[in-house]
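J.: The structure under discussion is supplied below as structure tokens; questions concerning it will follow.
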Amino acid sequence: MKNIEIVYTPKLLPLYDLKGKTVVVIDILRATSTMCVAFETGIDKILPVSTPEECSIFKDFDFLTAAERNAEKLPGFDMGNSPFEFLNPLIEGKKIAFTTTNGTKAIKLARQQEAAEIVIGSFLNIDAVERYLIEKNRPVVLLCAGWKDKYNLEDTLFAGALAQRLAGEDEQEDDSCIAGIALYEQHKNELEALVRKSSHARRFQLLHSQTDDVSFCLQMNYTQKVPRLSGEYIIS
């Protein structure tokens with residue numbers, strides 16, 4: 001597959017033309033991983049929203065609400081952004097309004113730039129996303145949500161892993177793609193050890209020592225679902 005680009009932070013997104021392209025939004029720790037878990041558990045749809053204030057409005061419209069800022073669940077909401085919170089079978093069939101520090105922001109930005117399609121990618125559904133992109137056969141932009149518009153390691157590693165699967169030997173034309181693949185190739189046998197050195201993983205260790213979101217989010221192929229944006233909602 002030709003025409004694969006990696007955008008390492010949403011701050012760089014205005015430099016890219018998304019029209020006619022499929023954008024894969026990547027927020028490994030944790031929004032896109034958590035969305036994959038939610039759909040595997042059986043939720044109906046997710047409404048990504050920009051702010052906690054907007055999210056709270058949907059409590060009155062039969063939505064569960066999930067809100068996170070700075071890696072912590074906000075008070076007054078049903079859930080935060082940990083995949084473990086979305087393993088609860090009681091959420092099956094529910095609608096969720098969802099806002100996070102990085103992931104939902106990246107989804108909104110890609111939509112504003114008129115991407116042909118926006119899909120949700122994580123290690124938890126990497127095989128399914130690969131198959132989906134090959135079937136669609138559009139140019140692909142891998143959008144790393146990063147951390148507050150800054151580069152982060154875990155999103156880059158996933159982007160490199162997915163780019164490697166999609167790019168043929170003579171088709172790695174974009175430097176961002178070549179760099180992501182090289183980083184993944186160098187560390188693919190020690191992904192968890194490397195990610196645990198990242199700033200976001202260390203942040204979790206301080207804030208959430210009771211759960212291991214890092215290990216969970218680095219599982220391969222937990223689900224075969226490919227969440228994607230349809231209108232205002234993410235569905236699967």
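Identifiers in the structure tokens: chain A, B, ... in order shown; residue index from 1 per chain; ligand index from 1 in order shown.
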Any idea what's packed within 10 Å of Ile134 (chain A), counting only C-alpha atoms, ignoring anything in its chain fewer than 5 positions away? Could you give it as an MDAnalysis selection string?
T.: chainID A and resid 1 129 139:140 165:166
J.: Based on the backbone DSSP call, show me all residues of region 168-200 of chain A assigned alpha helix (DSSP H), as JSON, numbers by chain.
T.: {"A": [175, 176, 177, 178, 179, 180, 181, 182, 183, 184, 185, 186, 187, 191, 192, 193, 194, 195, 199, 200]}
J.: Hey, what does DSSP flag as strand (DSSP E or B) within region 78-223 of chain A? Can you give it to me as a list in words?
T.: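 After running DSSP on the backbone, region 78-223 of chain A has strand (DSSP E or B) at Met79, Lys95, Ile96, Ala97, Phe98, Thr99, Glu117, Ile118, Val119, Ile120, Gly121, Val140, Val141, Leu142, Leu143, Cys144, Trp147 and Lys150 of chain A.
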J.: For C-alpha atoms, I'd like the residues from the last selection saved as a PDB file, in the first residue's frame.
T.:
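Wrote out38.pdb, looks like this:
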ATOM      1  CA  MET A  79     -15.935   6.683  34.141  1.00  0.00           C
ATOM      2  CA  LYS A  95     -24.163   5.213  24.703  1.00  0.00           C
ATOM      3  CA  ILE A  96     -21.112   6.997  26.102  1.00  0.00           C
ATOM      4  CA  ALA A  97     -20.133  10.656  25.876  1.00  0.00           C
ATOM      5  CA  PHE A  98     -16.342  10.709  26.102  1.00  0.00           C
ATOM      6  CA  THR A  99     -13.708  13.411  26.523  1.00  0.00           C
ATOM      7  CA  GLU A 117     -12.749   8.370   7.131  1.00  0.00           C
ATOM      8  CA  ILE A 118     -11.518   8.242  10.720  1.00  0.00           C
ATOM      9  CA  VAL A 119     -10.812   4.920  12.396  1.00  0.00           C
ATOM     10  CA  ILE A 120      -9.567   4.042  15.865  1.00  0.00           C
ATOM     11  CA  GLY A 121      -6.294   2.150  16.142  1.00  0.00           C
ATOM     12  CA  VAL A 140      -3.514   6.483   5.032  1.00  0.00           C
ATOM     13  CA  VAL A 141      -2.517   9.049   7.643  1.00  0.00           C
ATOM     14  CA  LEU A 142      -1.521   7.654  11.033  1.00  0.00           C
ATOM     15  CA  LEU A 143      -2.278  10.413  13.542  1.00  0.00           C
ATOM     16  CA  CYS A 144      -0.550  10.148  16.911  1.00  0.00           C
ATOM     17  CA  TRP A 147       0.571  14.359  24.961  1.00  0.00           C
ATOM     18  CA  LYS A 150       3.843  17.009  22.097  1.00  0.00           C
TER      19      LYS A 150
END
J.: Do a neighbour search on Cys217 (chain A) at 12 Å with only C-alpha atoms, toss out local chain neighbours closer than 4 positions, and write the hits as an MDAnalysis selection string.
T.: chainID A and resid 26:37 81:84 121:126 154:155 158 191:192 195:196 201 211:213 221:223
